Structures are given as C-alpha cells and as structure tokens.
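Asker: Handing you this structure, nothing more for now.
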Amino acid sequence: MIVHTLPERRRRELSVAGLTATHAVVDIYQGMVPALIPFFVAQRHDSYAAASGIALAATLLSSIVQPAFGVLADRRDRPWLVPGGLLVAAIGVGLSGLGDRYPLTWSAIAVSGIGVAAFHPQGNRWARARVGRSATALSWFTVGGNIGYAVGPIAVTLLMVDGDVTGTPLLAIPGLLVAAALVITSRQARVRRPEDHGAATESTGRDDWRSFLILSGAVLCRSVCFFGVNTFLALYLIRTFAVDARLGSAAVTLVACIGMAGTVLGGRLADRRGARNTIRIGYVLIIPGLLGLLLAPAVGSPAAPVGPIVVVLVAVVVVAFGVYLPFSVQVSLGQHYLPRRIGTASGVTLGLAMTVGGLITPLLGMLADRAGLRAIWAVLLIFPLTALALTLLLPGRSESAGRE
C-alpha cells in the first residue's frame with residue numbers, strides 16, 4: 001500500500017512546490033510597488049497623497065475583480081489564469097517607469113494589480129485541493145507569496161542603481177520567463193479539481209456566510225495595517241530618521257522576510273491551537289508594533305533610553321509578525337466557512353477584503369501631508385483593535401485547518 005501511496009504523495013508535493021514557486025514570482029510584482037514608490041517620489045517630486053495613490057493603483061481594480069476571478073475558478077477549472085495573471089502582472093510593472101506622467105504610471109501599476117488578482121483564486125484553489133485542511137501546508141504555499149514580496153524590493157534596489165525609474169522594463173523579465181515556461185508545460189502543470197482530491201467531503205458542507213462576512217471585516221482591518229506599513233514605512237524612515245532611499249526600501253524587505261517566519265508559525269499555531277486564537281494573537285501583536293513606530297524619538301530629539309533606530313527596528317519586527325501571523329490562517333478559515341465556494345472565498349479574503357485596505361492609503365497620505373507621517377501610525381491603531389473585536393463574534397467551532 002505504501003508503494004502505491006508514495007508516488008501520489010510525491011506528485012502532490014511537487015505540484016504544491018511548483019505552485020508555491022509560481023506564487024513567489026507573482027507576488028514579486030506586489031512587493032515591487034511599495035519599493036518603487038520612494039524612487040517615483042524622488043525623481044518626480046510627488047506628494048504623499050500621490051505616492052499613496054500608486055499603492056491604490058495596485059489594489060483598486062484588483063480588489064474589485066479578484067472575487068470575480070474566484071467565481072470563475074469555482075464554476076470551472078481555468079488553468080490559463082495562472083500564467084496569464086503572471087504575464088499581466090509583469091508587463092504592468094515593466095511599463096510603470098516609462099514616460100514621466102503620473103497617469104501612465106498609475107495605469108500600468110493598476111494593470112499589474114489585475115494580473116495579480118487573476119492568479120490568486122485559481123492558485124489557491126489548486127493548493128487547497130492538494131493540502132486539504134492543513135493550515136501548516138497552506139502556510140507554505142502562502143510563504144511563496146511572502147518570498148516574492150520580499151524579493152520584489154531587493155530587485156528594485158539592485159536594478160534602480162542610479163534611481164532612474166526608466167529601468168523598470170528589466171523588472172518584467174522574471175515574470176515573462178516563468179509565464180512562458182508555464183504555457184509550455186501547461187498540460188503537466190494542471191492539477192485536478194478539488195473534488196477529485198478528497199475535497200468532496202468539505203465541498204458538500206454548508207456555506208456560513210455570516211461568519212465569512214465577519215471574518216472578511218477583520219481581514220479588511222488587517223489589510224489597512226498591512227498597506228499602511230508597507231506604503232509609508234520607507235518614507236517614514238527617510239523623512240524622520242534621515243536614511244537614504246535604499247535603506248528605506250530595505251526596511252520593506254525586512255517586514256516581508258520576518259513575515260515569512262510569521263506565516264509559517266501562524267499555520268503551525270492554527271493546527272495546534274486553533275484558527276481564531278492564532279488570528280487574535282496576530283492582531284494583538286500589531287498594536288505594540290504600531291505604538292513603537294509612533295513613539296520612536298526622531299533624530300536630534302532629547303536623549304532617550306535607546307536610539308531611535310533601535311526602537312523603530314524592534315517595532316518593525318513586532319508589527320511584521322503581527323501582520324503576517326494571521327495571513328494564511330485567514331484564507332484557510334474563509335475557505336472553511338465557504339466550503340462550496342473555495343475560489344470565491346480565496347478571491348474575497350485575498351482580494352476584496354484584503355486589498356481594499358489599499359483603498360484607504362490615499363486617505364492616509366492626505367493625513368500625512370497635513371499632520372506628518374507619525375499621524376498615520378496613530379490612526380492605524382484603530383484597525384487591529386476593531387479586527388480583534390470582530391473575531392469575538394466568530395463561532396466557537398470555527399476550525400479552518402486544525403483544532404479550535
């Protein structure tokens with residue numbers, strides 16, 4: 001029996017590994033956006049509101065269309081969404097630095113966001129079919145995205161050597177190559193529908209829309225914190241602590257790197273301690289992290305017990321763990337609440353509910369233009385508190401991928 005089981009198990013592991021690697025490449029283009037923002041600001045002298053508008057471009061259409069892609073994936077397996085989404089994401093970022101007009105940059109980043117939106121529901125549906133209800137296994141697939149998000153700023157830093165954003169077409173090369181490889185190997189890359197892989201038992205369950213909507217509200221609050229930190233952290237360090245643009249972008253990379261560990265840890269905690277408890281721990285951690293960013297003394301301020309950069313780095317570590325710990329667990333829990341609509345659940349928790357947080361970043365940018373960047377961290381404190389309160393409304397037996 002073991003002889004017959006091992007090849008299938010190995011085949012599933014390789015399939016998930018391939019999807020994870022592709023997920024990493026797709027999310028490279030999400031990670032590039034916040035890292036590109038300081039370069040756009042430096043070269044074009046954009047305001048904070050304009051800078052946050054670029055982050056909005058990456059999320060506006062994406063947040064609207066991703067649930068639609070999820071519905072498409074639920075109705076019929078659509079393997080073309082995986083290479084197609086990657087291709088569009090790469091082309092959008094590649095075009096973003098060409099021309100010196102803000103509307104062109106905004107439109108190119110928006111197109112890239114649509115590509116990212118197309119990939120995630122189908123990719124998560126395939127991953128769910130392979131790993132079942134294991135939050136740990138799904139967290140590894142999610143880590144692929146975290147790796148990509150971390151590599152994105154590194155690629156920007158390496159290629160924007162002289163700060164000239166006209167080099168962005170080079171950033172599209174990885175996506176174009178991987179998309180081409182996926183098209184060539186499309187028959188081998190396809191996986192069977194979830195109902196062919198033992199997911200039928202869960203797909204026949206009852207959809208709990210009330211719990212799913214409550215969870216989506218919490219995911220939205222977490223999303224606001226995520227985009228707020230990733231959009232304004234680099235600018236905060238540059239303007240408040242006099243670091244250069246490269247170090248500012250490196251801080252965004254640090255958040256993503258810490259997030260990888262946080263995502264895997266979140267999956268393990270969910271399997272052992274329950275999904276709701278894991279999500280709550282993450283939301284609680286965000287609060288002291290934001291307080292650290294808010295209260296860190298500026299350069300030249302009166303003596304403090306520790307240096308300002310030390311305070312900021314500790315705060316970045318804490319807020320990164322807090323933001324990423326619930327990430328894959330939220331997606332898995334959403335799929336548990338909508339067992340008949342795995343693609344839709346993924347599209348909402350990764351799309352509408354999560355990326356809609358990016359829609360609020362322009363408001364945060366306007367706040368920063370009037371009251372300074374520190375005001376952003378004060379306002380963001382509202383959101384983890386709200387998310388924490390929402391989790392109290394989730395049903396007691398909300399087991400996403402392990403015990404509750």
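Labels for the structure tokens follow display order: chains A, B, ..., residues from 1 in each chain, ligands from 1.
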Can you tell me, as a PyMOL selection string, what residues are no more than 12 Å from Ala21 in chain A when counting only C-alpha atoms, ignoring any on the same chain fewer than 4 positions away?
Answerer: chain A and resi 14-17+25-28+82+86+123+127+140-148+174-175+178-179+182
Asker: Residues of range 122-283 of chain A classed as helix (DSSP H, G or I) by DSSP on the backbone are to be reported as a ChimeraX atom specification.
Answerer: /A:122-131,135-159,165-184,186-189,194-196,200-203,209-241,245-273,275-283
Asker: Per residue of range 193-253 of chain A within 8 Å of range 29-41 of chain A, record the nearest atom pair and its distance in Å to one decimal, counting only C-alpha atoms, with rows in chain order and ascending residue number, as a Markdown table.
Answerer:
```
| residue | atom | partner | partner_atom | distance |
| --- | --- | --- | --- | --- |
| A:Asn230 | CA | A:Pro34 | CA | 6.2 |
| A:Thr231 | CA | A:Pro34 | CA | 5.3 |
| A:Ala234 | CA | A:Pro38 | CA | 7.3 |
| A:Leu235 | CA | A:Pro38 | CA | 6.7 |
| A:Ala245 | CA | A:Pro38 | CA | 6.4 |
| A:Ser249 | CA | A:Ala35 | CA | 5.2 |
| A:Val252 | CA | A:Ala35 | CA | 7.1 |
```
Asker: Within 10 Å of range 279-291 of chain A, counting only C-alpha atoms, which residues qualify if same-chain residues fewer than 6 places away don't, as JSON, numbers by chain?
Answerer: {"A": [218, 219, 221, 222, 225, 226, 229, 262, 266, 269, 270, 311, 312, 313, 314, 315, 316, 317, 318, 319, 320, 321, 322, 323, 324, 325, 326, 327, 328, 329, 330, 333, 376, 377, 378, 379, 380, 381, 382, 383, 384, 385, 386, 387, 388, 389, 390, 391, 392]}
Asker: Counting only C-alpha atoms, what is within 10 Å of Arg246 in chain A, bar same-chain residues fewer than 4 positions away, as a list in words?
Answerer: Ala35, Pro38, Phe39, Pro153, Ile154, Val156, Thr157, Leu158, Met160, Val161, Gly163, Ala234, Ile238, Ala250 and Ala251 of chain A
Asker: Now that the selection is made, can you save its residues with N, CA and C atoms as a PDB file, in the first residue's frame?
Answerer:
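Written output follows (out04.pdb):
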```
ATOM      1  N   ALA A  35       8.305  49.414  -2.923  1.00  0.00           N
ATOM      2  CA  ALA A  35       9.727  49.728  -3.043  1.00  0.00           C
ATOM      3  C   ALA A  35       9.981  50.750  -4.144  1.00  0.00           C
ATOM      4  N   PRO A  38       9.333  55.233  -3.279  1.00  0.00           N
ATOM      5  CA  PRO A  38      10.317  56.274  -2.946  1.00  0.00           C
ATOM      6  C   PRO A  38      11.096  56.784  -4.154  1.00  0.00           C
ATOM      7  N   PHE A  39      11.341  55.900  -5.139  1.00  0.00           N
ATOM      8  CA  PHE A  39      12.058  56.323  -6.339  1.00  0.00           C
ATOM      9  C   PHE A  39      11.200  57.233  -7.209  1.00  0.00           C
ATOM     10  N   PRO A 153      11.308  44.155  -3.432  1.00  0.00           N
ATOM     11  CA  PRO A 153      12.103  45.340  -3.095  1.00  0.00           C
ATOM     12  C   PRO A 153      13.591  45.155  -3.357  1.00  0.00           C
ATOM     13  N   ILE A 154      14.103  43.909  -3.159  1.00  0.00           N
ATOM     14  CA  ILE A 154      15.521  43.652  -3.427  1.00  0.00           C
ATOM     15  C   ILE A 154      15.818  43.871  -4.903  1.00  0.00           C
ATOM     16  N   VAL A 156      14.173  45.730  -6.983  1.00  0.00           N
ATOM     17  CA  VAL A 156      14.094  47.162  -7.261  1.00  0.00           C
ATOM     18  C   VAL A 156      15.378  47.866  -6.839  1.00  0.00           C
ATOM     19  N   THR A 157      15.864  47.548  -5.649  1.00  0.00           N
ATOM     20  CA  THR A 157      17.068  48.188  -5.123  1.00  0.00           C
ATOM     21  C   THR A 157      18.280  47.892  -6.000  1.00  0.00           C
ATOM     22  N   LEU A 158      18.378  46.656  -6.478  1.00  0.00           N
ATOM     23  CA  LEU A 158      19.529  46.273  -7.292  1.00  0.00           C
ATOM     24  C   LEU A 158      19.489  46.897  -8.684  1.00  0.00           C
ATOM     25  N   MET A 160      17.532  49.623  -9.693  1.00  0.00           N
ATOM     26  CA  MET A 160      17.437  51.080  -9.711  1.00  0.00           C
ATOM     27  C   MET A 160      18.742  51.686  -9.155  1.00  0.00           C
ATOM     28  N   VAL A 161      19.855  51.320  -9.783  1.00  0.00           N
ATOM     29  CA  VAL A 161      21.175  51.703  -9.272  1.00  0.00           C
ATOM     30  C   VAL A 161      21.322  53.208  -9.177  1.00  0.00           C
ATOM     31  N   GLY A 163      18.781  55.320  -9.468  1.00  0.00           N
ATOM     32  CA  GLY A 163      17.494  55.926  -9.134  1.00  0.00           C
ATOM     33  C   GLY A 163      16.645  56.263 -10.336  1.00  0.00           C
ATOM     34  N   ALA A 234       8.986  53.099   4.495  1.00  0.00           N
ATOM     35  CA  ALA A 234      10.217  53.600   3.875  1.00  0.00           C
ATOM     36  C   ALA A 234      10.266  55.127   3.915  1.00  0.00           C
ATOM     37  N   ILE A 238      12.964  57.599   5.853  1.00  0.00           N
ATOM     38  CA  ILE A 238      13.729  58.576   5.076  1.00  0.00           C
ATOM     39  C   ILE A 238      13.533  59.985   5.622  1.00  0.00           C
ATOM     40  N   ALA A 250      14.949  48.740   2.050  1.00  0.00           N
ATOM     41  CA  ALA A 250      15.400  47.555   2.777  1.00  0.00           C
ATOM     42  C   ALA A 250      14.498  47.265   3.970  1.00  0.00           C
ATOM     43  N   ALA A 251      13.933  48.299   4.573  1.00  0.00           N
ATOM     44  CA  ALA A 251      13.020  48.102   5.701  1.00  0.00           C
ATOM     45  C   ALA A 251      11.755  47.372   5.253  1.00  0.00           C
TER      46      ALA A 251
END
```
Asker: For each of A:Ala256, A:Leu177, A:Leu60, A:Leu294, take the minimum atom-to-atom distance to Gly358 in chain A, counting only C-alpha atoms, then give the residue where this is smallest.
Answerer: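 Among the listed residues, A:Leu60 lies closest to Gly358 in chain A.
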Asker: Pick out the residues sitting within 6 Å of Ala118 in chain A, and hand them over as JSON, numbers by chain; count only C-alpha atoms, and ignore anything fewer than 5 positions along from it in its own chain.
Answerer: {"A": [69, 81, 85]}
Asker: Residues as selected, N, CA, C and O atoms, written as an mmCIF file, in the first residue's frame, can you do that?
Answerer:
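So part02.cif came out as:
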```
data_model
loop_
_atom_site.group_PDB
_atom_site.id
_atom_site.type_symbol
_atom_site.label_atom_id
_atom_site.label_comp_id
_atom_site.auth_asym_id
_atom_site.auth_seq_id
_atom_site.Cartn_x
_atom_site.Cartn_y
_atom_site.Cartn_z
ATOM 1 N N PHE A 69 -12.778 36.659 -10.430
ATOM 2 C CA PHE A 69 -11.919 35.557 -10.851
ATOM 3 C C PHE A 69 -12.146 34.323 -9.976
ATOM 4 O O PHE A 69 -12.050 33.187 -10.452
ATOM 5 N N LEU A 81 -5.557 31.121 -16.017
ATOM 6 C CA LEU A 81 -5.462 32.259 -15.115
ATOM 7 C C LEU A 81 -4.102 32.341 -14.426
ATOM 8 O O LEU A 81 -3.660 33.430 -14.054
ATOM 9 N N GLY A 85 -2.254 35.577 -15.470
ATOM 10 C CA GLY A 85 -2.148 36.580 -14.416
ATOM 11 C C GLY A 85 -0.718 37.011 -14.188
ATOM 12 O O GLY A 85 -0.419 38.205 -14.019
#
```
Asker: So, with only C-alpha atoms as the atoms that count, which of A:Leu295, A:Val71, A:Leu394, A:Val243 lies closest to Arg276 in chain A?
Answerer: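 Checking each of A:Leu295, A:Val71, A:Leu394, A:Val243 against Arg276 in chain A, counting only C-alpha atoms, the winner is A:Leu394.
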Asker: Rounded to one decimal in Å, what is the spacing between CA of Ala345 in chain A and CA of Ala129 in chain A?
Answerer: 13.9 Å
Asker: Of the candidates A:Ala58, A:Ala375, A:Ala68, A:Leu338, which one gets nearest to Phe212 in chain A if we count only C-alpha atoms?
Answerer: A:Leu338
Asker: Do a neighbour search on range 50-53 of chain A at 7 Å with only C-alpha atoms, toss out local chain neighbours closer than 3 positions, and write the hits as a PDB file with N, CA, C and O atoms, in the first residue's frame.
Answerer:
```
ATOM      1  N   ILE A  37       7.897  53.199  -4.913  1.00  0.00           N
ATOM      2  CA  ILE A  37       7.303  54.487  -4.552  1.00  0.00           C
ATOM      3  C   ILE A  37       8.336  55.540  -4.154  1.00  0.00           C
ATOM      4  O   ILE A  37       8.284  56.678  -4.651  1.00  0.00           O
ATOM      5  N   VAL A  41       8.832  59.149  -6.042  1.00  0.00           N
ATOM      6  CA  VAL A  41       8.739  60.410  -5.310  1.00  0.00           C
ATOM      7  C   VAL A  41      10.005  61.238  -5.498  1.00  0.00           C
ATOM      8  O   VAL A  41       9.947  62.454  -5.737  1.00  0.00           O
ATOM      9  N   ASP A  46       6.683  63.792  -6.194  1.00  0.00           N
ATOM     10  CA  ASP A  46       5.259  63.599  -5.911  1.00  0.00           C
ATOM     11  C   ASP A  46       4.954  63.898  -4.445  1.00  0.00           C
ATOM     12  O   ASP A  46       5.827  63.795  -3.569  1.00  0.00           O
ATOM     13  N   SER A  47       3.714  64.240  -4.164  1.00  0.00           N
ATOM     14  CA  SER A  47       3.272  64.447  -2.787  1.00  0.00           C
ATOM     15  C   SER A  47       3.022  63.093  -2.124  1.00  0.00           C
ATOM     16  O   SER A  47       3.015  62.048  -2.783  1.00  0.00           O
ATOM     17  N   LEU A  56      -2.605  52.664  -4.261  1.00  0.00           N
ATOM     18  CA  LEU A  56      -4.018  52.489  -4.583  1.00  0.00           C
ATOM     19  C   LEU A  56      -4.185  51.857  -5.955  1.00  0.00           C
ATOM     20  O   LEU A  56      -5.037  50.985  -6.156  1.00  0.00           O
ATOM     21  N   ALA A  57      -3.356  52.262  -6.905  1.00  0.00           N
ATOM     22  CA  ALA A  57      -3.446  51.722  -8.261  1.00  0.00           C
ATOM     23  C   ALA A  57      -3.238  50.215  -8.271  1.00  0.00           C
ATOM     24  O   ALA A  57      -3.861  49.494  -9.051  1.00  0.00           O
ATOM     25  N   THR A 231       3.423  50.896   2.673  1.00  0.00           N
ATOM     26  CA  THR A 231       3.448  52.096   1.843  1.00  0.00           C
ATOM     27  C   THR A 231       4.256  53.216   2.476  1.00  0.00           C
ATOM     28  O   THR A 231       5.013  53.916   1.794  1.00  0.00           O
ATOM     29  N   THR A 361      -5.200  53.898   1.736  1.00  0.00           N
ATOM     30  CA  THR A 361      -3.868  54.512   1.800  1.00  0.00           C
ATOM     31  C   THR A 361      -3.837  55.941   1.260  1.00  0.00           C
ATOM     32  O   THR A 361      -3.089  56.771   1.798  1.00  0.00           O
ATOM     33  N   PRO A 362      -4.601  56.301   0.217  1.00  0.00           N
ATOM     34  CA  PRO A 362      -4.584  57.714  -0.188  1.00  0.00           C
ATOM     35  C   PRO A 362      -5.085  58.645   0.912  1.00  0.00           C
ATOM     36  O   PRO A 362      -4.583  59.764   1.049  1.00  0.00           O
ATOM     37  N   GLY A 365      -2.298  59.103   3.130  1.00  0.00           N
ATOM     38  CA  GLY A 365      -1.344  60.025   2.513  1.00  0.00           C
ATOM     39  C   GLY A 365      -1.767  61.473   2.680  1.00  0.00           C
ATOM     40  O   GLY A 365      -0.930  62.345   2.959  1.00  0.00           O
TER      41      GLY A 365
END
```
Asker: So that I can check the surroundings of Gly357 in chain A, please list as a VMD selection string every protein, DNA and RNA residue that reaches within 7 Å of it, counting only C-alpha atoms and ignoring chain neighbours fewer than 4 positions away.
Answerer: chain A and resid 220 223 to 224 227
Asker: Once you have the residues from the selection above, write them out as a compact mmCIF listing (two decimals), in the first residue's frame, restricted to all heavy atoms.
Answerer:
```
# COMPACT_ATOMS: atom_id res chain seq x y z
N LEU A 220 -10.14 42.86 6.38
CA LEU A 220 -10.05 44.23 5.86
C LEU A 220 -9.24 45.11 6.82
O LEU A 220 -8.38 45.88 6.39
CB LEU A 220 -11.45 44.79 5.66
CG LEU A 220 -11.57 46.14 4.95
CD1 LEU A 220 -12.94 46.25 4.28
CD2 LEU A 220 -11.41 47.31 5.91
N SER A 223 -5.73 44.34 6.58
CA SER A 223 -5.22 44.83 5.31
C SER A 223 -4.84 46.31 5.36
O SER A 223 -3.83 46.72 4.78
CB SER A 223 -6.28 44.62 4.22
OG SER A 223 -5.91 45.23 3.00
N VAL A 224 -5.64 47.10 6.06
CA VAL A 224 -5.32 48.52 6.20
C VAL A 224 -3.95 48.69 6.87
O VAL A 224 -3.12 49.49 6.45
CB VAL A 224 -6.40 49.25 7.00
CG1 VAL A 224 -6.00 50.70 7.26
CG2 VAL A 224 -7.73 49.21 6.26
N PHE A 227 -1.08 47.53 4.33
CA PHE A 227 -0.75 48.50 3.29
C PHE A 227 -0.21 49.80 3.88
O PHE A 227 0.65 50.45 3.28
CB PHE A 227 -1.97 48.78 2.41
CG PHE A 227 -2.21 47.71 1.38
CD1 PHE A 227 -3.19 46.75 1.59
CD2 PHE A 227 -1.45 47.65 0.23
CE1 PHE A 227 -3.40 45.76 0.65
CE2 PHE A 227 -1.66 46.67 -0.72
CZ PHE A 227 -2.63 45.71 -0.50
```
Asker: From the set A:Ala261, A:Val310, A:Leu233, A:Leu254, which residue has the shortest atom-to-atom contact distance to Arg374 in chain A, counting only C-alpha atoms?
Answerer: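 Checking each of A:Ala261, A:Val310, A:Leu233, A:Leu254 against Arg374 in chain A, counting only C-alpha atoms, the winner is A:Leu233.
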Asker: Find the residue from A:Ala150, A:Ile309, A:Ala180, A:Ile342 that sits nearest to Thr253 in chain A; use only C-alpha atoms when measuring.
Answerer: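 Among the listed residues, A:Ala150 lies closest to Thr253 in chain A.
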Asker: So the first atom is CA of Leu19 in chain A and the second is CA of Pro169 in chain A; what is the distance between them in Å, to one decimal place?
Answerer: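 Between CA of Leu19 in chain A and CA of Pro169 in chain A the gap works out to 24.7 Å.
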Asker: Hey, can you check how far CA of Ala242 in chain A sits from CA of Ala42 in chain A?
Answerer: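 Distance reported for this atom pair: 14.0 Å.
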